[in-house]
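A.B. asks: Below you'll find data-v1.tsv; it's TSV, C-alpha atoms.
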chain	number	residue	atom	x	y	z
A	245	MET	CA	14.25	35.32	35.59
A	246	THR	CA	15.12	37.05	38.84
A	247	TRP	CA	13.12	39.96	40.15
A	248	ALA	CA	16.18	42.14	39.60
A	249	GLY	CA	15.52	41.88	35.88
A	250	LYS	CA	18.00	42.33	33.05
A	251	ALA	CA	19.94	45.30	31.74
A	252	GLY	CA	18.96	47.96	29.22
A	253	THR	CA	15.92	49.34	27.46
A	254	GLY	CA	16.14	46.55	24.88
A	255	GLU	CA	15.88	44.06	27.71
A	256	ILE	CA	12.76	45.79	29.00
A	257	GLU	CA	11.29	45.32	25.52
A	258	ALA	CA	12.29	41.63	25.59
A	259	VAL	CA	10.53	41.16	28.94
A	260	LEU	CA	7.48	42.97	27.55
A	261	GLU	CA	7.46	40.67	24.49
A	262	ALA	CA	7.58	37.61	26.75
A	263	LEU	CA	4.67	38.98	28.80
A	264	VAL	CA	2.68	39.71	25.61
A	265	GLU	CA	3.29	36.12	24.47
A	266	ASP	CA	2.16	34.80	27.86
A	267	PHE	CA	-0.99	36.94	27.75
A	268	ASP	CA	-1.73	35.82	24.17
A	269	LEU	CA	-1.65	32.16	25.24
A	270	LEU	CA	-4.43	32.73	27.74
A	271	GLU	CA	-7.94	32.37	26.39
A	272	ASP	CA	-9.80	35.15	28.18
A	273	TRP	CA	-9.42	38.01	30.63
A	274	GLU	CA	-10.32	35.89	33.63
A	275	GLN	CA	-7.27	33.72	32.88
A	276	ARG	CA	-5.12	36.79	32.28
A	277	ILE	CA	-6.13	38.35	35.59
A	278	ALA	CA	-5.44	35.00	37.28
A	279	TYR	CA	-1.98	35.06	35.66
A	280	VAL	CA	-1.32	38.58	37.00
A	281	ILE	CA	-2.37	37.45	40.48
A	282	GLU	CA	-0.01	34.49	40.16
A	283	LEU	CA	2.84	36.88	39.36
A	284	GLY	CA	2.10	38.59	42.65
A	285	ARG	CA	2.30	35.30	44.53
A	286	GLU	CA	5.83	34.87	43.18
A	287	LEU	CA	7.06	38.15	44.68
A	288	PRO	CA	9.53	37.72	47.51
A	289	PRO	CA	8.14	38.93	50.84
A	290	LEU	CA	8.64	42.62	51.54
A	291	PRO	CA	10.41	43.16	54.86
A	292	GLU	CA	8.37	44.96	57.50
A	293	THR	CA	11.06	47.66	57.56
A	294	ASP	CA	10.00	48.57	53.98
A	295	ARG	CA	6.29	48.75	54.84
A	296	ILE	CA	6.57	52.37	55.83
A	297	GLU	CA	4.57	55.45	54.93
A	298	ALA	CA	7.35	56.79	52.67
A	299	ASN	CA	7.11	53.67	50.49
A	300	LYS	CA	3.31	53.71	50.14
A	301	VAL	CA	2.01	54.45	46.66
A	302	ARG	CA	-0.65	57.15	46.72
A	303	GLY	CA	-3.64	56.76	44.41
A	304	CYS	CA	-4.12	53.02	44.83
A	305	ALA	CA	-7.37	51.50	46.09
A	306	ALA	CA	-5.31	48.98	48.06
A	307	GLN	CA	-2.23	49.51	50.16
A	308	VAL	CA	0.82	49.20	47.92
A	309	TRP	CA	4.42	49.66	48.97
A	310	VAL	CA	7.31	50.13	46.55
A	311	ALA	CA	10.81	50.25	47.99
A	312	SER	CA	14.03	50.63	46.05
A	313	HIS	CA	17.76	50.57	46.44
A	314	ARG	CA	20.69	51.10	44.14
A	315	GLU	CA	23.01	48.40	42.94
A	316	GLY	CA	25.74	50.22	41.07
A	317	ASP	CA	24.07	52.23	38.32
A	318	ARG	CA	20.80	50.28	38.57
A	319	LEU	CA	17.64	50.50	40.63
A	320	VAL	CA	16.23	47.39	42.25
A	321	PHE	CA	12.62	47.56	43.35
A	322	ARG	CA	10.78	45.50	45.94
A	323	ALA	CA	7.04	45.72	46.45
A	324	ASP	CA	3.97	44.31	48.12
A	325	SER	CA	0.26	44.97	48.48
A	326	ASP	CA	-2.60	43.87	50.70
A	327	SER	CA	-4.61	43.11	47.53
A	328	HIS	CA	-3.89	40.09	45.33
A	329	LEU	CA	-4.59	41.99	42.11
A	330	SER	CA	-2.57	45.06	43.09
A	331	LYS	CA	0.29	42.79	44.16
A	332	GLY	CA	0.13	41.11	40.77
A	333	ASN	CA	0.09	44.45	38.98
A	334	VAL	CA	3.14	45.69	40.86
A	335	ALA	CA	4.88	42.33	40.28
A	336	LEU	CA	4.34	42.76	36.55
A	337	LEU	CA	5.87	46.25	36.76
A	338	LEU	CA	8.86	44.93	38.69
A	339	ARG	CA	9.48	42.44	35.90
A	340	LEU	CA	9.73	45.37	33.51
A	341	TYR	CA	11.59	47.87	35.68
A	342	SER	CA	13.63	46.29	38.46
A	343	GLY	CA	17.35	46.04	37.83
A	344	ARG	CA	17.36	48.79	35.19
A	345	ARG	CA	19.30	52.01	34.84
A	346	PRO	CA	17.24	55.09	35.67
A	347	ALA	CA	17.63	56.38	32.09
A	348	ASP	CA	16.23	53.09	30.72
A	349	ILE	CA	13.26	53.30	33.09
A	350	LEU	CA	12.54	56.87	32.01
A	351	ALA	CA	12.91	56.04	28.30
A	352	PHE	CA	10.44	53.14	28.44
A	353	ASP	CA	6.83	53.95	27.53
A	354	ALA	CA	4.89	52.16	30.25
A	355	ARG	CA	1.51	53.34	29.01
A	356	ALA	CA	2.11	51.82	25.56
A	357	ALA	CA	3.43	48.63	27.17
A	358	LEU	CA	0.41	48.23	29.43
A	359	ASP	CA	-1.88	48.98	26.49
A	360	ARG	CA	-0.16	46.20	24.51
A	361	LEU	CA	-1.01	43.84	27.34
A	362	GLY	CA	-4.55	45.23	27.41
A	363	LEU	CA	-4.37	45.52	31.16
A	364	PRO	CA	-5.81	49.02	31.74
A	365	GLN	CA	-8.90	48.17	29.69
A	366	VAL	CA	-9.90	45.24	31.92
A	367	LEU	CA	-9.27	46.92	35.24
A	368	THR	CA	-11.78	49.09	37.02
A	369	PRO	CA	-10.98	52.81	36.67
A	370	GLN	CA	-9.81	52.84	40.29
A	371	ARG	CA	-7.46	49.87	39.70
A	372	ALA	CA	-6.18	51.41	36.45
A	373	ASN	CA	-5.43	54.63	38.34
A	374	GLY	CA	-3.58	52.58	40.94
A	375	LEU	CA	-1.52	50.92	38.23
A	376	ASN	CA	-0.65	54.35	36.82
A	377	SER	CA	0.30	55.50	40.32
A	378	MET	CA	2.66	52.52	40.67
A	379	VAL	CA	4.32	53.39	37.36
A	380	GLY	CA	4.51	57.01	38.48
A	381	ARG	CA	6.25	56.05	41.71
A	382	ILE	CA	8.84	53.95	39.86
A	383	ARG	CA	9.46	56.75	37.35
A	384	GLU	CA	9.74	59.37	40.12
A	385	THR	CA	12.35	57.23	41.85
A	386	ALA	CA	14.28	56.84	38.59
A	387	ALA	CA	14.07	60.58	37.88
A	388	ALA	CA	15.35	61.43	41.37
A	389	VAL	CA	18.28	59.03	41.02
A	390	ALA	CA	19.02	60.19	37.46
A	391	GLY	CA	19.34	63.74	38.78
A	392	GLU	CA	21.84	62.78	41.46
A	393	PRO	CA	25.54	63.24	40.75
A	394	GLN	CA	27.35	59.98	40.06
A	395	ALA	CA	29.19	58.67	43.09
A	396	SER	CA	32.95	58.49	42.65
A	397	ARG	CA	34.18	55.02	41.82
What would the structure in this file look like if it were written as structure tokens?

C.D. replies:
Amino acid sequence: MTWAGKAGTGEIEAVLEALVEDFDLLEDWEQRIAYVIELGRELPPLPETDRIEANKVRGCAAQVWVASHREGDRLVFRADSDSHLSKGNVALLLRLYSGRRPADILAFDARAALDRLGLPQVLTPQRANGLNSMVGRIRETAAAVAGEPQASR
């Protein structure tokens, strides 16, 4: 699957189901955290031009950048972090959110999805807050774009 993801809320659910299956195959939380870190290693490099203050996610223990652009009616996210675990967390979120319509992003219950994966429970409170901040940034971007008038076609 590309980092741009697939279309629609149903597709977000399909990606979530695949992630749940992957997590279920792993025997313990050490393996699951290693899997999340591996997701981060698969992220394409974030250009230096996107490593700017405006793209930094506030509330993260590590430095995390989330940049976005529009492709038609969809948002494509790019991200990076100076922490392996934070980079993995944001990579997991990009699998769920990148390439989606803003309305689909806003309709998706990220908290329930992350709870299904059991991720917030195994992270330190500071890391869990950072994960929530990443979700918040993605949702804020989607809300801002959803409020913009449609460009003429």

A.B. asks: Please check which residues have atoms at most 12 Å from (15.1, 48.5, 37.2) in the file's coordinates, counting all atoms listed in the file, and write them as an MDAnalysis selection string.

C.D. replies: chainID A and resid 246:253 255:256 259 311:322 337:352 379 382:383 385:386 389

A.B. asks: Store the residues of this selection in a file with C-alpha atoms, as a PDB file, in the frame of the given file.

C.D. replies:
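Okay, this is what ended up in selection.pdb:
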ATOM      1  CA  THR A 246      15.120  37.050  38.840  1.00  0.00           C
ATOM      2  CA  TRP A 247      13.120  39.960  40.150  1.00  0.00           C
ATOM      3  CA  ALA A 248      16.180  42.140  39.600  1.00  0.00           C
ATOM      4  CA  GLY A 249      15.520  41.880  35.880  1.00  0.00           C
ATOM      5  CA  LYS A 250      18.000  42.330  33.050  1.00  0.00           C
ATOM      6  CA  ALA A 251      19.940  45.300  31.740  1.00  0.00           C
ATOM      7  CA  GLY A 252      18.960  47.960  29.220  1.00  0.00           C
ATOM      8  CA  THR A 253      15.920  49.340  27.460  1.00  0.00           C
ATOM      9  CA  GLU A 255      15.880  44.060  27.710  1.00  0.00           C
ATOM     10  CA  ILE A 256      12.760  45.790  29.000  1.00  0.00           C
ATOM     11  CA  VAL A 259      10.530  41.160  28.940  1.00  0.00           C
ATOM     12  CA  ALA A 311      10.810  50.250  47.990  1.00  0.00           C
ATOM     13  CA  SER A 312      14.030  50.630  46.050  1.00  0.00           C
ATOM     14  CA  HIS A 313      17.760  50.570  46.440  1.00  0.00           C
ATOM     15  CA  ARG A 314      20.690  51.100  44.140  1.00  0.00           C
ATOM     16  CA  GLU A 315      23.010  48.400  42.940  1.00  0.00           C
ATOM     17  CA  GLY A 316      25.740  50.220  41.070  1.00  0.00           C
ATOM     18  CA  ASP A 317      24.070  52.230  38.320  1.00  0.00           C
ATOM     19  CA  ARG A 318      20.800  50.280  38.570  1.00  0.00           C
ATOM     20  CA  LEU A 319      17.640  50.500  40.630  1.00  0.00           C
ATOM     21  CA  VAL A 320      16.230  47.390  42.250  1.00  0.00           C
ATOM     22  CA  PHE A 321      12.620  47.560  43.350  1.00  0.00           C
ATOM     23  CA  ARG A 322      10.780  45.500  45.940  1.00  0.00           C
ATOM     24  CA  LEU A 337       5.870  46.250  36.760  1.00  0.00           C
ATOM     25  CA  LEU A 338       8.860  44.930  38.690  1.00  0.00           C
ATOM     26  CA  ARG A 339       9.480  42.440  35.900  1.00  0.00           C
ATOM     27  CA  LEU A 340       9.730  45.370  33.510  1.00  0.00           C
ATOM     28  CA  TYR A 341      11.590  47.870  35.680  1.00  0.00           C
ATOM     29  CA  SER A 342      13.630  46.290  38.460  1.00  0.00           C
ATOM     30  CA  GLY A 343      17.350  46.040  37.830  1.00  0.00           C
ATOM     31  CA  ARG A 344      17.360  48.790  35.190  1.00  0.00           C
ATOM     32  CA  ARG A 345      19.300  52.010  34.840  1.00  0.00           C
ATOM     33  CA  PRO A 346      17.240  55.090  35.670  1.00  0.00           C
ATOM     34  CA  ALA A 347      17.630  56.380  32.090  1.00  0.00           C
ATOM     35  CA  ASP A 348      16.230  53.090  30.720  1.00  0.00           C
ATOM     36  CA  ILE A 349      13.260  53.300  33.090  1.00  0.00           C
ATOM     37  CA  LEU A 350      12.540  56.870  32.010  1.00  0.00           C
ATOM     38  CA  ALA A 351      12.910  56.040  28.300  1.00  0.00           C
ATOM     39  CA  PHE A 352      10.440  53.140  28.440  1.00  0.00           C
ATOM     40  CA  VAL A 379       4.320  53.390  37.360  1.00  0.00           C
ATOM     41  CA  ILE A 382       8.840  53.950  39.860  1.00  0.00           C
ATOM     42  CA  ARG A 383       9.460  56.750  37.350  1.00  0.00           C
ATOM     43  CA  THR A 385      12.350  57.230  41.850  1.00  0.00           C
ATOM     44  CA  ALA A 386      14.280  56.840  38.590  1.00  0.00           C
ATOM     45  CA  VAL A 389      18.280  59.030  41.020  1.00  0.00           C
TER      46      VAL A 389
END

A.B. asks: Grab the atom CA of A:Gly303 to atom CA of A:Asn373 distance for me, in Å with one decimal place.

C.D. replies: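 Spanning atom CA of A:Gly303 to atom CA of A:Asn373 is a straight-line distance of 6.7 Å.
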
A.B. asks: Residues of stretch 299-352 of chain A that have any atom at most 10 Å from an atom of stretch 276-284 of chain A: could you tabulate them with the shortest-distance atom pair and the distance in Å to one decimal, using all atoms listed in the file, ordered by chain and increasing number, as CSV?

C.D. replies:
residue,atom,partner,partner_atom,distance
A:Ala323,CA,A:Gly284,CA,9.5
A:Asp324,CA,A:Gly284,CA,8.1
A:Ser325,CA,A:Gly284,CA,8.8
A:Ser327,CA,A:Ile281,CA,9.3
A:His328,CA,A:Ile281,CA,5.7
A:Leu329,CA,A:Ile281,CA,5.3
A:Ser330,CA,A:Gly284,CA,8.0
A:Lys331,CA,A:Gly284,CA,4.8
A:Gly332,CA,A:Gly284,CA,3.7
A:Asn333,CA,A:Val280,CA,6.4
A:Val334,CA,A:Gly284,CA,7.4
A:Ala335,CA,A:Gly284,CA,5.2
A:Leu336,CA,A:Leu283,CA,6.7
A:Arg339,CA,A:Leu283,CA,9.3

A.B. asks: State, in Å with one decimal place, the distance from atom CA of A:Arg381 to atom CA of A:Lys300.

C.D. replies: 9.2 Å

A.B. asks: Mind working out the centre and edge lengths of an axis-aligned box for stretch 327-336 of chain A, all listed atoms inside, 3 Å added to each side, rounded to one decimal in Å and written as JSON?

C.D. replies:
{"center_x": 0.1, "center_y": 42.9, "center_z": 42.0, "size_x": 15.5, "size_y": 11.6, "size_z": 17.0}

A.B. asks: Do you know which residues are at most 12 Å from A:Pro369 counting all atoms listed in the file, after dropping those on the same chain fewer than 5 positions away, and could you put them as an MDAnalysis selection string?

C.D. replies: chainID A and resid 303:305 363:364 374:376

A.B. asks: Check the smallest atom-to-atom distance from each of A:Gly254, A:Ser377, A:Gln365, A:Arg285 to A:Trp309 using only C-alpha atoms, then report the winner.

C.D. replies: A:Ser377

A.B. asks: Between atom CA of A:Met378 and atom CA of A:Ala306, what is the distance, to one decimal in Å?

C.D. replies: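 That distance, rounded to one decimal, is 11.4 Å.
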
A.B. asks: Name the closest residue to A:Leu361 among the candidates A:Glu286, A:Glu297, A:Asp268, A:Glu257; distances are taken between atoms, counting all atoms listed in the file.

C.D. replies: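 For A:Leu361, the nearest of the given residues is A:Asp268.
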